[in-house]
>>> print(open('data_28.txt').read())   # compact mmCIF, C-alpha atoms and all ligand atoms
# COMPACT_ATOMS: atom_id res chain seq x y z
CA MET A 92 31.72 -23.62 -22.07
CA ASP A 93 29.55 -25.97 -24.18
CA THR A 94 25.76 -26.27 -23.87
CA GLN A 95 25.96 -29.39 -21.70
CA ASP A 96 28.28 -27.64 -19.24
CA LEU A 97 25.98 -24.62 -19.19
CA LYS A 98 22.97 -26.83 -18.47
CA THR A 99 24.82 -28.55 -15.63
CA ARG A 100 25.84 -25.19 -14.19
CA PHE A 101 22.35 -23.71 -14.39
CA ARG A 102 20.76 -26.85 -12.89
CA GLN A 103 23.15 -26.51 -9.95
CA MET A 104 22.14 -22.86 -9.58
CA ALA A 105 18.47 -23.88 -9.65
CA GLN A 106 19.13 -26.46 -6.91
CA GLY A 107 20.60 -23.65 -4.81
CA ALA A 108 17.43 -21.58 -5.23
CA LEU A 109 15.27 -24.60 -4.31
CA SER A 110 17.36 -25.21 -1.22
CA LEU A 111 16.80 -21.60 -0.11
CA ASN A 112 13.05 -21.94 -0.77
CA VAL A 113 12.92 -24.95 1.55
CA ALA A 114 14.94 -23.04 4.16
CA PHE A 115 12.61 -20.02 3.93
CA ILE A 116 9.59 -22.19 4.82
CA GLY A 117 11.41 -23.51 7.87
CA VAL A 118 12.61 -20.06 8.95
CA VAL A 119 9.28 -18.23 8.82
CA ASN A 120 7.36 -21.04 10.52
CA GLY A 121 9.80 -21.59 13.38
CA LEU A 122 10.69 -25.13 12.28
CA PHE A 123 14.47 -24.70 12.61
CA ASP A 124 14.02 -23.11 16.05
CA ALA A 125 11.72 -25.90 17.27
CA LEU A 126 14.11 -28.59 16.07
CA HIS A 127 16.99 -26.79 17.79
CA ALA A 128 15.10 -26.49 21.07
CA SER A 129 14.68 -30.17 21.84
CA ALA A 130 15.69 -33.77 21.16
CA PRO A 131 15.09 -35.35 17.73
CA MET A 132 11.39 -35.49 16.90
CA THR A 133 8.97 -36.86 14.34
CA SER A 134 7.34 -34.57 11.82
CA ASP A 135 4.05 -34.97 13.74
CA VAL A 136 5.64 -33.70 16.96
CA LEU A 137 7.30 -30.87 15.03
CA ALA A 138 3.90 -29.93 13.62
CA GLN A 139 2.35 -29.91 17.11
CA ARG A 140 5.18 -27.83 18.63
CA THR A 141 4.96 -25.19 15.89
CA GLY A 142 1.17 -25.23 15.42
CA MET A 143 1.58 -26.14 11.74
CA ASP A 144 -0.33 -28.63 9.60
CA ALA A 145 1.07 -32.17 9.94
CA GLY A 146 0.78 -32.96 6.22
CA TYR A 147 2.80 -29.90 5.17
CA VAL A 148 5.38 -30.48 7.89
CA LEU A 149 5.91 -34.09 6.79
CA ARG A 150 6.59 -32.93 3.20
CA TRP A 151 8.84 -30.14 4.47
CA CYS A 152 10.85 -32.63 6.56
CA ASP A 153 11.39 -34.77 3.45
CA ALA A 154 12.57 -31.73 1.48
CA ALA A 155 14.72 -30.37 4.33
CA TYR A 156 16.28 -33.86 4.67
CA ALA A 157 16.89 -34.00 0.90
CA PHE A 158 18.66 -30.62 0.92
CA GLY A 159 20.75 -31.50 3.96
CA TYR A 160 19.13 -29.30 6.63
CA LEU A 161 17.89 -32.36 8.57
CA ASP A 162 19.17 -35.81 9.40
CA GLY A 163 17.01 -38.47 10.95
CA ASP A 164 16.76 -42.18 11.70
CA ASN A 165 13.36 -43.87 12.01
CA GLY A 166 11.61 -40.60 11.23
CA GLN A 167 13.21 -38.79 14.24
CA PHE A 168 14.57 -35.60 12.72
CA HIS A 169 17.33 -33.33 13.99
CA LEU A 170 19.20 -30.37 12.50
CA THR A 171 22.46 -30.87 10.60
CA ALA A 172 25.19 -28.23 10.92
CA THR A 173 23.65 -26.45 7.88
CA GLY A 174 20.21 -26.58 9.52
CA GLN A 175 21.71 -25.08 12.68
CA ALA A 176 23.30 -22.28 10.65
CA MET A 177 19.91 -21.44 9.12
CA ARG A 178 18.32 -20.79 12.55
CA PRO A 179 17.46 -17.08 12.76
CA GLY A 180 19.17 -16.88 16.16
CA ALA A 181 22.37 -18.69 15.09
CA PRO A 182 25.58 -16.64 15.19
CA ASP A 183 26.06 -15.13 11.73
CA THR A 184 22.82 -16.84 10.62
CA LEU A 185 22.19 -17.85 6.98
CA MET A 186 18.55 -16.74 7.41
CA PRO A 187 18.91 -13.47 5.40
CA VAL A 188 20.00 -15.41 2.31
CA ALA A 189 16.82 -17.53 2.42
CA VAL A 190 14.52 -14.54 3.02
CA GLN A 191 16.23 -12.47 0.31
CA SER A 192 15.89 -15.35 -2.14
CA VAL A 193 12.11 -15.66 -1.78
CA LEU A 194 11.62 -11.87 -1.66
CA SER A 195 13.66 -11.63 -4.88
CA ALA A 196 11.48 -14.26 -6.60
CA HIS A 197 8.40 -12.27 -5.61
CA MET A 198 9.84 -8.98 -6.88
CA ALA A 199 11.01 -10.63 -10.12
CA GLU A 200 7.48 -11.85 -10.79
CA ARG A 201 6.09 -8.38 -10.08
CA ALA A 202 8.68 -6.68 -12.30
CA ALA A 203 7.97 -9.14 -15.13
CA GLY A 204 4.28 -8.19 -15.17
CA LEU A 205 4.68 -4.47 -14.46
CA MET A 206 7.24 -3.99 -17.23
CA ARG A 207 4.33 -4.34 -19.70
CA THR A 208 2.63 -1.17 -18.45
CA GLY A 209 5.31 0.80 -16.63
CA GLU A 210 3.22 0.88 -13.45
CA ARG A 211 5.26 1.29 -10.24
CA PRO A 212 3.04 0.32 -7.28
CA GLY A 213 5.43 1.64 -4.62
CA GLU A 214 6.32 0.38 -1.16
CA SER A 215 3.14 -1.74 -0.97
CA ALA A 216 4.77 -4.35 -3.25
CA LEU A 217 6.93 -5.42 -0.29
CA ALA A 218 3.88 -6.15 1.83
CA GLU A 219 2.18 -8.38 -0.72
CA ARG A 220 3.69 -11.55 0.72
CA ALA A 221 2.41 -11.97 4.28
CA THR A 222 5.15 -14.43 5.23
CA VAL A 223 7.98 -12.20 3.95
CA LEU A 224 7.12 -8.80 5.47
CA PRO A 225 7.82 -9.71 9.14
CA TRP A 226 11.24 -11.03 8.09
CA PHE A 227 12.30 -7.91 6.23
CA GLY A 228 13.62 -6.19 9.38
CA PRO A 229 15.40 -9.25 10.81
CA MET A 230 16.93 -9.89 7.37
CA LEU A 231 18.38 -6.37 7.23
CA GLU A 232 19.53 -6.51 10.85
CA ALA A 233 21.29 -9.85 10.34
CA SER A 234 22.87 -8.56 7.13
CA PHE A 235 24.11 -5.16 8.30
CA ALA A 236 24.26 -4.79 12.11
CA GLY A 237 27.61 -6.58 12.28
CA LEU A 238 29.11 -4.38 9.55
CA PHE A 239 27.81 -1.29 11.37
CA GLU A 240 29.09 -2.20 14.83
CA GLN A 241 32.39 -3.83 13.88
CA THR A 242 33.52 -1.85 10.83
CA ILE A 243 31.55 1.36 10.22
CA CYS A 244 31.33 2.70 13.80
CA PRO A 245 35.08 2.48 14.45
CA ALA A 246 35.97 3.90 11.00
CA VAL A 247 33.62 6.90 10.78
CA PRO A 248 34.48 9.61 13.34
CA VAL A 249 30.90 10.90 13.55
CA PHE A 250 29.93 8.12 15.96
CA ALA A 251 32.57 9.08 18.52
CA ALA A 252 31.54 12.74 18.07
CA VAL A 253 27.90 11.90 18.71
CA ASP A 254 28.85 9.80 21.74
CA GLU A 255 30.56 12.88 23.15
CA ARG A 256 27.68 15.18 22.25
CA GLY A 257 24.73 13.05 23.41
CA GLY A 258 21.23 14.38 22.63
CA LEU A 259 18.71 13.12 20.08
CA ALA A 260 19.28 10.72 17.18
CA VAL A 261 16.46 10.37 14.64
CA ASP A 262 16.29 7.41 12.24
CA LEU A 263 14.11 8.03 9.16
CA GLY A 264 12.80 4.73 7.71
CA CYS A 265 13.97 2.84 10.80
CA GLY A 266 12.66 -0.65 9.92
CA ASN A 267 12.84 -2.85 13.02
CA GLY A 268 14.95 -0.21 14.83
CA TRP A 269 18.21 -2.19 14.95
CA TYR A 270 20.37 0.84 14.10
CA LEU A 271 19.03 2.99 16.94
CA ARG A 272 19.33 0.08 19.36
CA ALA A 273 22.98 -0.36 18.40
CA LEU A 274 23.61 3.39 18.51
CA VAL A 275 22.16 4.06 21.96
CA ARG A 276 23.93 1.00 23.35
CA ARG A 277 27.17 2.51 22.09
CA CYS A 278 26.42 6.14 23.00
CA GLY A 279 25.19 6.22 26.61
CA ARG A 280 23.88 9.81 26.55
CA LEU A 281 21.93 9.51 23.31
CA ARG A 282 18.13 9.17 22.96
CA GLY A 283 16.58 7.83 19.76
CA LEU A 284 13.42 8.42 17.74
CA GLY A 285 12.63 6.14 14.78
CA ILE A 286 9.97 6.66 12.13
CA ASP A 287 8.73 4.15 9.59
CA GLY A 288 5.95 3.98 7.05
CA PHE A 289 4.98 0.38 7.90
CA ALA A 290 3.06 0.09 11.19
CA GLU A 291 4.32 -3.53 11.52
CA ASN A 292 7.92 -2.27 11.55
CA VAL A 293 7.13 0.30 14.25
CA ASP A 294 5.42 -2.33 16.45
CA HIS A 295 8.38 -4.64 15.96
CA ALA A 296 10.89 -1.88 16.77
CA ARG A 297 9.00 -0.94 19.96
CA ARG A 298 8.80 -4.58 21.06
CA LEU A 299 12.52 -5.22 20.50
CA ALA A 300 13.51 -2.00 22.32
CA GLN A 301 11.37 -3.09 25.27
CA GLU A 302 12.75 -6.64 25.28
CA GLN A 303 16.30 -5.26 25.26
CA GLY A 304 15.65 -2.78 28.10
CA LEU A 305 16.06 0.28 25.88
CA SER A 306 12.51 1.62 25.75
CA ASP A 307 13.25 4.48 28.18
CA ARG A 308 15.67 5.92 25.60
CA LEU A 309 13.99 4.88 22.37
CA ASP A 310 10.68 5.86 20.83
CA PHE A 311 9.25 4.72 17.50
CA VAL A 312 6.43 6.33 15.52
CA HIS A 313 4.49 5.37 12.43
CA GLY A 314 4.50 8.02 9.72
CA ASP A 315 5.75 9.36 6.41
CA ILE A 316 9.25 10.81 6.18
CA HIS A 317 7.86 13.56 3.94
CA GLN A 318 5.40 14.69 6.65
CA MET A 319 7.72 14.29 9.65
CA VAL A 320 7.63 17.08 12.25
CA LEU A 321 10.26 16.97 15.01
CA GLU A 322 9.47 18.50 18.40
CA GLU A 323 13.14 19.38 18.92
CA PRO A 324 16.12 19.65 16.56
CA ALA A 325 18.32 16.55 16.37
CA ASP A 326 22.02 15.98 16.98
CA LEU A 327 22.07 13.21 14.38
CA ILE A 328 19.59 12.24 11.68
CA ALA A 329 20.25 8.83 10.15
CA MET A 330 18.84 7.24 7.03
CA ASN A 331 19.88 3.64 6.39
CA ARG A 332 18.81 2.23 3.02
CA ALA A 333 15.91 4.67 3.25
CA LEU A 334 17.08 7.64 1.15
CA HIS A 335 16.56 5.82 -2.15
CA HIS A 336 12.95 5.20 -1.07
CA VAL A 337 12.18 8.92 -0.93
CA TRP A 338 14.68 10.43 -3.39
CA GLU A 339 12.50 10.37 -6.49
CA LYS A 340 9.63 12.18 -4.78
CA ASP A 341 11.45 15.39 -3.82
CA ALA A 342 15.10 15.13 -2.79
CA PRO A 343 15.85 18.89 -2.49
CA THR A 344 12.99 19.41 0.00
CA LEU A 345 14.15 16.39 2.02
CA PHE A 346 17.74 17.69 2.23
CA ARG A 347 16.54 21.16 3.29
CA TRP A 348 14.43 19.41 5.96
CA LEU A 349 17.50 17.50 7.17
CA HIS A 350 19.48 20.74 7.42
CA ASP A 351 16.70 22.65 9.17
CA ASN A 352 16.01 19.90 11.70
CA LEU A 353 19.60 19.50 12.84
CA LYS A 354 21.11 21.49 15.69
CA PRO A 355 24.08 23.65 14.66
CA GLY A 356 27.00 21.22 14.30
CA GLY A 357 24.57 18.26 14.08
CA TYR A 358 25.05 15.46 11.56
CA ALA A 359 23.06 13.75 8.80
CA VAL A 360 24.41 10.20 8.35
CA ILE A 361 23.16 8.49 5.22
CA TRP A 362 23.99 4.86 4.48
CA GLU A 363 23.12 3.55 1.02
CA PRO A 364 24.22 0.85 -1.39
CA ALA A 365 26.77 2.61 -3.62
CA TRP A 366 25.59 2.51 -7.23
CA PRO A 367 28.77 2.50 -9.33
CA ASP A 368 29.76 5.08 -11.94
CA ALA A 369 30.63 2.39 -14.52
CA ARG A 370 28.29 -0.44 -15.55
CA ALA A 371 31.25 -2.85 -15.74
CA VAL A 372 31.55 -2.70 -11.93
CA LEU A 373 28.19 -4.52 -11.71
CA ARG A 374 30.00 -7.68 -12.85
CA GLU A 375 32.33 -7.59 -9.83
CA PRO A 376 31.76 -10.09 -7.00
CA GLY A 377 28.75 -9.16 -4.87
CA ARG A 378 27.46 -6.51 -7.29
CA PRO A 379 25.08 -8.52 -9.52
CA GLY A 380 22.76 -8.78 -6.49
CA MET A 381 22.77 -4.99 -6.27
CA ALA A 382 21.80 -4.73 -9.94
CA PHE A 383 18.90 -7.16 -9.40
CA GLN A 384 17.79 -5.22 -6.32
CA ASN A 385 17.85 -1.99 -8.29
CA LEU A 386 15.44 -3.59 -10.78
CA SER A 387 13.14 -4.62 -7.94
CA GLU A 388 13.50 -1.14 -6.37
CA HIS A 389 12.06 0.23 -9.62
CA VAL A 390 8.80 -1.60 -8.78
CA GLN A 391 8.72 0.37 -5.52
CA GLY A 392 9.33 3.72 -7.24
CA ASN A 393 13.00 3.86 -6.21
CA HIS A 394 16.48 3.60 -7.65
CA PHE A 395 19.94 3.31 -6.13
CA LEU A 396 22.15 6.39 -5.93
CA ARG A 397 25.79 7.18 -6.56
CA PRO A 398 27.54 8.41 -3.41
CA ASP A 399 28.56 11.64 -5.13
CA GLU A 400 24.89 12.42 -5.92
CA ILE A 401 24.10 12.15 -2.21
CA ALA A 402 27.08 14.29 -1.23
CA HIS A 403 26.07 16.89 -3.84
CA ALA A 404 22.50 17.02 -2.45
CA CYS A 405 23.96 17.61 1.03
CA SER A 406 26.10 20.49 -0.16
CA GLU A 407 23.19 22.02 -2.12
CA ALA A 408 21.34 22.12 1.23
CA GLY A 409 24.27 23.93 2.86
CA MET A 410 25.95 20.98 4.61
CA SER A 411 29.55 19.88 4.09
CA ALA A 412 29.69 16.16 3.24
CA SER A 413 32.25 13.33 3.37
CA VAL A 414 31.85 9.91 1.75
CA TYR A 415 33.13 6.69 3.39
CA LEU A 416 33.09 3.44 1.41
CA PHE A 417 32.87 -0.09 2.83
CA ALA A 418 32.45 -3.68 1.58
CA ASN A 419 34.81 -3.19 -1.38
CA GLY A 420 33.04 0.02 -2.33
CA ALA A 421 29.53 -1.50 -2.38
CA GLU A 422 28.30 0.37 0.71
CA ALA A 423 28.53 4.16 1.15
CA VAL A 424 28.13 6.18 4.33
CA VAL A 425 27.75 9.90 3.63
CA VAL A 426 28.24 12.15 6.65
CA ALA A 427 27.05 15.76 6.36
CA GLN A 428 27.35 18.42 9.03
CA ARG A 429 25.26 21.52 9.58
CA ALA A 430 27.47 24.53 10.18
CA LEU A 431 28.07 25.49 13.82
C1 LIG A 501 15.31 -0.91 3.08
S1 LIG A 501 14.38 -0.53 4.48
C2 LIG A 501 15.62 -0.05 5.65
C3 LIG A 501 15.15 -0.19 7.08
C4 LIG A 501 16.18 0.17 8.14
N1 LIG A 501 16.63 1.53 8.00
C5 LIG A 501 17.35 -0.78 8.10
O1 LIG A 501 18.45 -0.36 7.76
O2 LIG A 501 17.16 -1.95 8.45
C6 LIG A 501 13.64 1.03 4.06
C7 LIG A 501 12.67 1.46 5.12
O3 LIG A 501 12.18 2.77 4.81
C8 LIG A 501 10.80 2.81 5.11
N2 LIG A 501 10.21 3.86 4.30
C9 LIG A 501 10.25 3.96 2.96
N3 LIG A 501 9.61 5.08 2.55
C10 LIG A 501 9.16 5.69 3.67
C11 LIG A 501 8.44 6.88 3.92
N4 LIG A 501 8.04 7.68 2.91
N5 LIG A 501 8.15 7.21 5.18
C12 LIG A 501 8.54 6.39 6.21
N6 LIG A 501 9.23 5.26 6.04
C13 LIG A 501 9.54 4.91 4.79
C14 LIG A 501 10.31 1.42 4.77
O4 LIG A 501 9.11 1.11 5.44
C15 LIG A 501 11.47 0.55 5.23
O5 LIG A 501 11.34 0.12 6.55
>>> encode(input="data_28.txt", output="structure tokens")
Amino acid sequence: MDTQDLKTRFRQMAQGALSLNVAFIGVVNGLFDALHASAPMTSDVLAQRTGMDAGYVLRWCDAAYAFGYLDGDNGQFHLTATGQAMRPGAPDTLMPVAVQSVLSAHMAERAAGLMRTGERPGESALAERATVLPWFGPMLEASFAGLFEQTICPAVPVFAAVDERGGLAVDLGCGNGWYLRALVRRCGRLRGLGIDGFAENVDHARRLAQEQGLSDRLDFVHGDIHQMVLEEPADLIAMNRALHHVWEKDAPTLFRWLHDNLKPGGYAVIWEPAWPDARAVLREPGRPGMAFQNLSEHVQGNHFLRPDEIAHACSEAGMSASVYLFANGAEAVVVAQRAL
């Protein structure tokens, strides 16, 4: 490919990033939702409906029109099919791509500066962008709940076993609580307890459980996984994209805790991005994003794990482990059982 072709290709990629930036602004300020909810409207009316500044909304409408999210005659804007697909509530919404794009730009800027000193500020780096943090949970839910319910649950026998068993499921690093909501909907005799280190996530998880009529079976608490004390042993302890957040601090103690807080025959179910054995795999479709995320995880004091490392840590703690791979090997679910 000659330089001119490369320039054309990279300019097209840059246009894609700009398009997602425009979409992000509309997502987090409810602009797509407001446009969906009623007849075509001017930017002034859109500003009034969403409580936003009219000057910013006018410029956003121009940009959203330019990138094909809006159409409009005589300044009366309505959503195009792409704009509809970006609505957070749309089936299979494109929202996570827009949120991930802006979060990635933020983490890239942080990594660029921090590389000079080696400082790793930890989880707080995620909360530095006030407009991004509330969308972290919805982004993860929209990205992974479908995979969990449609593919992982039917393929991993532990979920049928837990349905049979009932009891208590604990979710460490629960985010907005989507996993426990899906689990208790599927397993009628299961109760759930979620813990998360961000109070905003816990509030969000409680609110969603209440809205969905599940708050009698679900409880959420704010706290640190490393300090967690359970009042009763659990039938299942889940960690979804949370293990890599706590691994570097003291993995052996965490795995002993998992073992000791499970009932005999209870399960630890750990879902993580599967870091590959060979670097060449990072060039495969879908994997470059994982490599970028691992760089941004470094800012937070984390790194991605190979599934066999997780399985080994389970067996070191006295639990037998099985590894299940999904999404062409990019997602690993490790199921460990405490002996009966
Ligand atoms: C990548 S998110 C995954 C959230 C959720 N499990 C999901 O799948 O949507 C990781 C979560 O772990 C939480 N977390 C990280 N370290 C923690 C700690 N030491 N104690 C409690 N929560 C923690 C974060 O606040 C965040 O919500």
>>> residues_around(input="data_28.txt", residues="Asp262 (chain A)", least_positions_apart="2", cutoff="6 Å", atoms="all atoms listed in the file", output="list in words")
Cys265, Gly285, Ile328, Ala329 and Met330 of chain A
>>> residues_near_ligand(input="data_28.txt", ligand="ligand LIG 501 (chain A)", cutoff="6 Å", atoms="all atoms listed in the file", output="JSON, numbers by chain")
{"A": [228, 231, 232, 264, 265, 266, 287, 288, 289, 314, 315, 316, 317, 331, 332, 333, 336, 337]}
>>> write_last_selection(input="data_28.txt", atoms="C-alpha atoms", output="mmCIF file, in the coordinates of the input")
data_model
loop_
_atom_site.group_PDB
_atom_site.id
_atom_site.type_symbol
_atom_site.label_atom_id
_atom_site.label_comp_id
_atom_site.auth_asym_id
_atom_site.auth_seq_id
_atom_site.Cartn_x
_atom_site.Cartn_y
_atom_site.Cartn_z
ATOM 1 C CA GLY A 228 13.620 -6.190 9.380
ATOM 2 C CA LEU A 231 18.380 -6.370 7.230
ATOM 3 C CA GLU A 232 19.530 -6.510 10.850
ATOM 4 C CA GLY A 264 12.800 4.730 7.710
ATOM 5 C CA CYS A 265 13.970 2.840 10.800
ATOM 6 C CA GLY A 266 12.660 -0.650 9.920
ATOM 7 C CA ASP A 287 8.730 4.150 9.590
ATOM 8 C CA GLY A 288 5.950 3.980 7.050
ATOM 9 C CA PHE A 289 4.980 0.380 7.900
ATOM 10 C CA GLY A 314 4.500 8.020 9.720
ATOM 11 C CA ASP A 315 5.750 9.360 6.410
ATOM 12 C CA ILE A 316 9.250 10.810 6.180
ATOM 13 C CA HIS A 317 7.860 13.560 3.940
ATOM 14 C CA ASN A 331 19.880 3.640 6.390
ATOM 15 C CA ARG A 332 18.810 2.230 3.020
ATOM 16 C CA ALA A 333 15.910 4.670 3.250
ATOM 17 C CA HIS A 336 12.950 5.200 -1.070
ATOM 18 C CA VAL A 337 12.180 8.920 -0.930
#
>>> residues_around(input="data_28.txt", residues="Arg277 (chain A)", least_positions_apart="2", cutoff="12 Å", atoms="only C-alpha atoms", output="list in words")
Phe239, Glu240, Gln241, Cys244, Pro245, Phe250, Ala251, Ala252, Val253, Asp254, Glu255, Gly257, Tyr270, Leu271, Arg272, Ala273, Leu274, Val275, Gly279, Arg280, Leu281, Arg282 and Leu305 of chain A
>>> residues_around(input="data_28.txt", residues="Glu400 (chain A)", least_positions_apart="2", cutoff="12 Å", atoms="only C-alpha atoms", output="number ranges by chain")
A: 334-335, 338, 342-343, 361, 363, 365-368, 395-398, 402-407, 412-414, 423, 425
>>> axis_aligned_box(input="data_28.txt", around="region 95-107 of chain A", padding_each_side="8 Å", output="AutoDock Vina command-line options")
--center_x 23.4 --center_y -26.1 --center_z -13.3 --size_x 25.8 --size_y 22.5 --size_z 32.9
>>> residues_near_point(input="data_28.txt", point="(4.0, -2.1, 18.8)", cutoff="12 Å", atoms="all atoms listed in the file", output="mmCIF file with C-alpha atoms, keeping the file's coordinate frame")
data_model
loop_
_atom_site.group_PDB
_atom_site.id
_atom_site.type_symbol
_atom_site.label_atom_id
_atom_site.label_comp_id
_atom_site.auth_asym_id
_atom_site.auth_seq_id
_atom_site.Cartn_x
_atom_site.Cartn_y
_atom_site.Cartn_z
ATOM 1 C CA ASN A 267 12.840 -2.850 13.020
ATOM 2 C CA GLY A 268 14.950 -0.210 14.830
ATOM 3 C CA PHE A 289 4.980 0.380 7.900
ATOM 4 C CA ALA A 290 3.060 0.090 11.190
ATOM 5 C CA GLU A 291 4.320 -3.530 11.520
ATOM 6 C CA ASN A 292 7.920 -2.270 11.550
ATOM 7 C CA VAL A 293 7.130 0.300 14.250
ATOM 8 C CA ASP A 294 5.420 -2.330 16.450
ATOM 9 C CA HIS A 295 8.380 -4.640 15.960
ATOM 10 C CA ALA A 296 10.890 -1.880 16.770
ATOM 11 C CA ARG A 297 9.000 -0.940 19.960
ATOM 12 C CA ARG A 298 8.800 -4.580 21.060
ATOM 13 C CA LEU A 299 12.520 -5.220 20.500
ATOM 14 C CA ALA A 300 13.510 -2.000 22.320
ATOM 15 C CA GLN A 301 11.370 -3.090 25.270
ATOM 16 C CA GLU A 302 12.750 -6.640 25.280
ATOM 17 C CA SER A 306 12.510 1.620 25.750
ATOM 18 C CA ASP A 310 10.680 5.860 20.830
ATOM 19 C CA PHE A 311 9.250 4.720 17.500
ATOM 20 C CA VAL A 312 6.430 6.330 15.520
ATOM 21 C CA HIS A 313 4.490 5.370 12.430
#
>>> residues_near_point(input="data_28.txt", point="(28.9, 19.6, 13.5)", cutoff="9 Å", atoms="all atoms listed in the file", output="list of chain:residue names")
A:Val249, A:Ala252, A:Asp326, A:Lys354, A:Pro355, A:Gly356, A:Gly357, A:Tyr358, A:Ala427, A:Gln428, A:Arg429, A:Ala430, A:Leu431
>>> atom_distance(input="data_28.txt", atom1="CA of Val188 (chain A)", atom2="CA of Tyr160 (chain A)")
14.6 Å
>>> closest_residue(input="data_28.txt", among="A:Gly166, A:Gly204, A:Gly209, A:Pro179", to="Trp226 (chain A)", atoms="all atoms listed in the file")
A:Pro179
>>> closest_residue(input="data_28.txt", among="A:Met230, A:Leu309, A:Val320, A:Ala108", to="Leu185 (chain A)", atoms="all atoms listed in the file")
A:Met230
>>> atom_distance(input="data_28.txt", atom1="CA of Gly420 (chain A)", atom2="CA of Ser387 (chain A)")
21.2 Å
>>> atom_distance(input="data_28.txt", atom1="CA of Trp151 (chain A)", atom2="CA of Ala196 (chain A)")
19.5 Å
>>> closest_residue(input="data_28.txt", among="A:Gly121, A:Gly159, A:Pro131, A:Pro225", to="Gly180 (chain A)", atoms="only C-alpha atoms")
A:Gly121
>>> closest_residue(input="data_28.txt", among="A:Leu149, A:Leu349, A:Leu259, A:Ile243", to="Ala408 (chain A)", atoms="all atoms listed in the file")
A:Leu349
>>> build_atoms(input="data_28.txt", residues="region 118-132 of chain A", atoms="N, CA and C atoms", output="short mmCIF file (atom, residue, chain, number, x, y, z; two decimals), in the frame of the given file")
data_model
loop_
_atom_site.label_atom_id
_atom_site.label_comp_id
_atom_site.auth_asym_id
_atom_site.auth_seq_id
_atom_site.Cartn_x
_atom_site.Cartn_y
_atom_site.Cartn_z
N VAL A 118 12.30 -21.27 8.18
CA VAL A 118 12.61 -20.06 8.95
C VAL A 118 11.33 -19.39 9.41
N VAL A 119 10.43 -19.10 8.47
CA VAL A 119 9.28 -18.23 8.82
C VAL A 119 8.24 -18.97 9.65
N ASN A 120 8.32 -20.30 9.70
CA ASN A 120 7.36 -21.04 10.52
C ASN A 120 7.98 -21.63 11.79
N GLY A 121 9.18 -21.19 12.11
CA GLY A 121 9.80 -21.59 13.38
C GLY A 121 10.23 -23.04 13.44
N LEU A 122 10.37 -23.70 12.27
CA LEU A 122 10.69 -25.13 12.28
C LEU A 122 12.14 -25.38 12.70
N PHE A 123 13.06 -24.53 12.20
CA PHE A 123 14.47 -24.70 12.61
C PHE A 123 14.61 -24.47 14.12
N ASP A 124 13.92 -23.42 14.61
CA ASP A 124 14.02 -23.11 16.05
C ASP A 124 13.48 -24.26 16.89
N ALA A 125 12.33 -24.82 16.48
CA ALA A 125 11.72 -25.90 17.27
C ALA A 125 12.61 -27.14 17.28
N LEU A 126 13.23 -27.42 16.13
CA LEU A 126 14.11 -28.59 16.07
C LEU A 126 15.37 -28.37 16.91
N HIS A 127 15.80 -27.11 16.99
CA HIS A 127 16.99 -26.79 17.79
C HIS A 127 16.69 -26.93 19.28
N ALA A 128 15.43 -26.62 19.64
CA ALA A 128 15.10 -26.49 21.07
C ALA A 128 15.00 -27.82 21.80
N SER A 129 14.82 -28.92 21.08
CA SER A 129 14.68 -30.17 21.84
C SER A 129 15.29 -31.37 21.11
N ALA A 130 15.11 -32.52 21.69
CA ALA A 130 15.69 -33.77 21.16
C ALA A 130 15.07 -34.07 19.80
N PRO A 131 15.68 -35.00 19.03
CA PRO A 131 15.09 -35.35 17.73
C PRO A 131 13.60 -35.65 17.86
N MET A 132 12.85 -35.31 16.83
CA MET A 132 11.39 -35.49 16.90
C MET A 132 10.83 -35.90 15.55
#
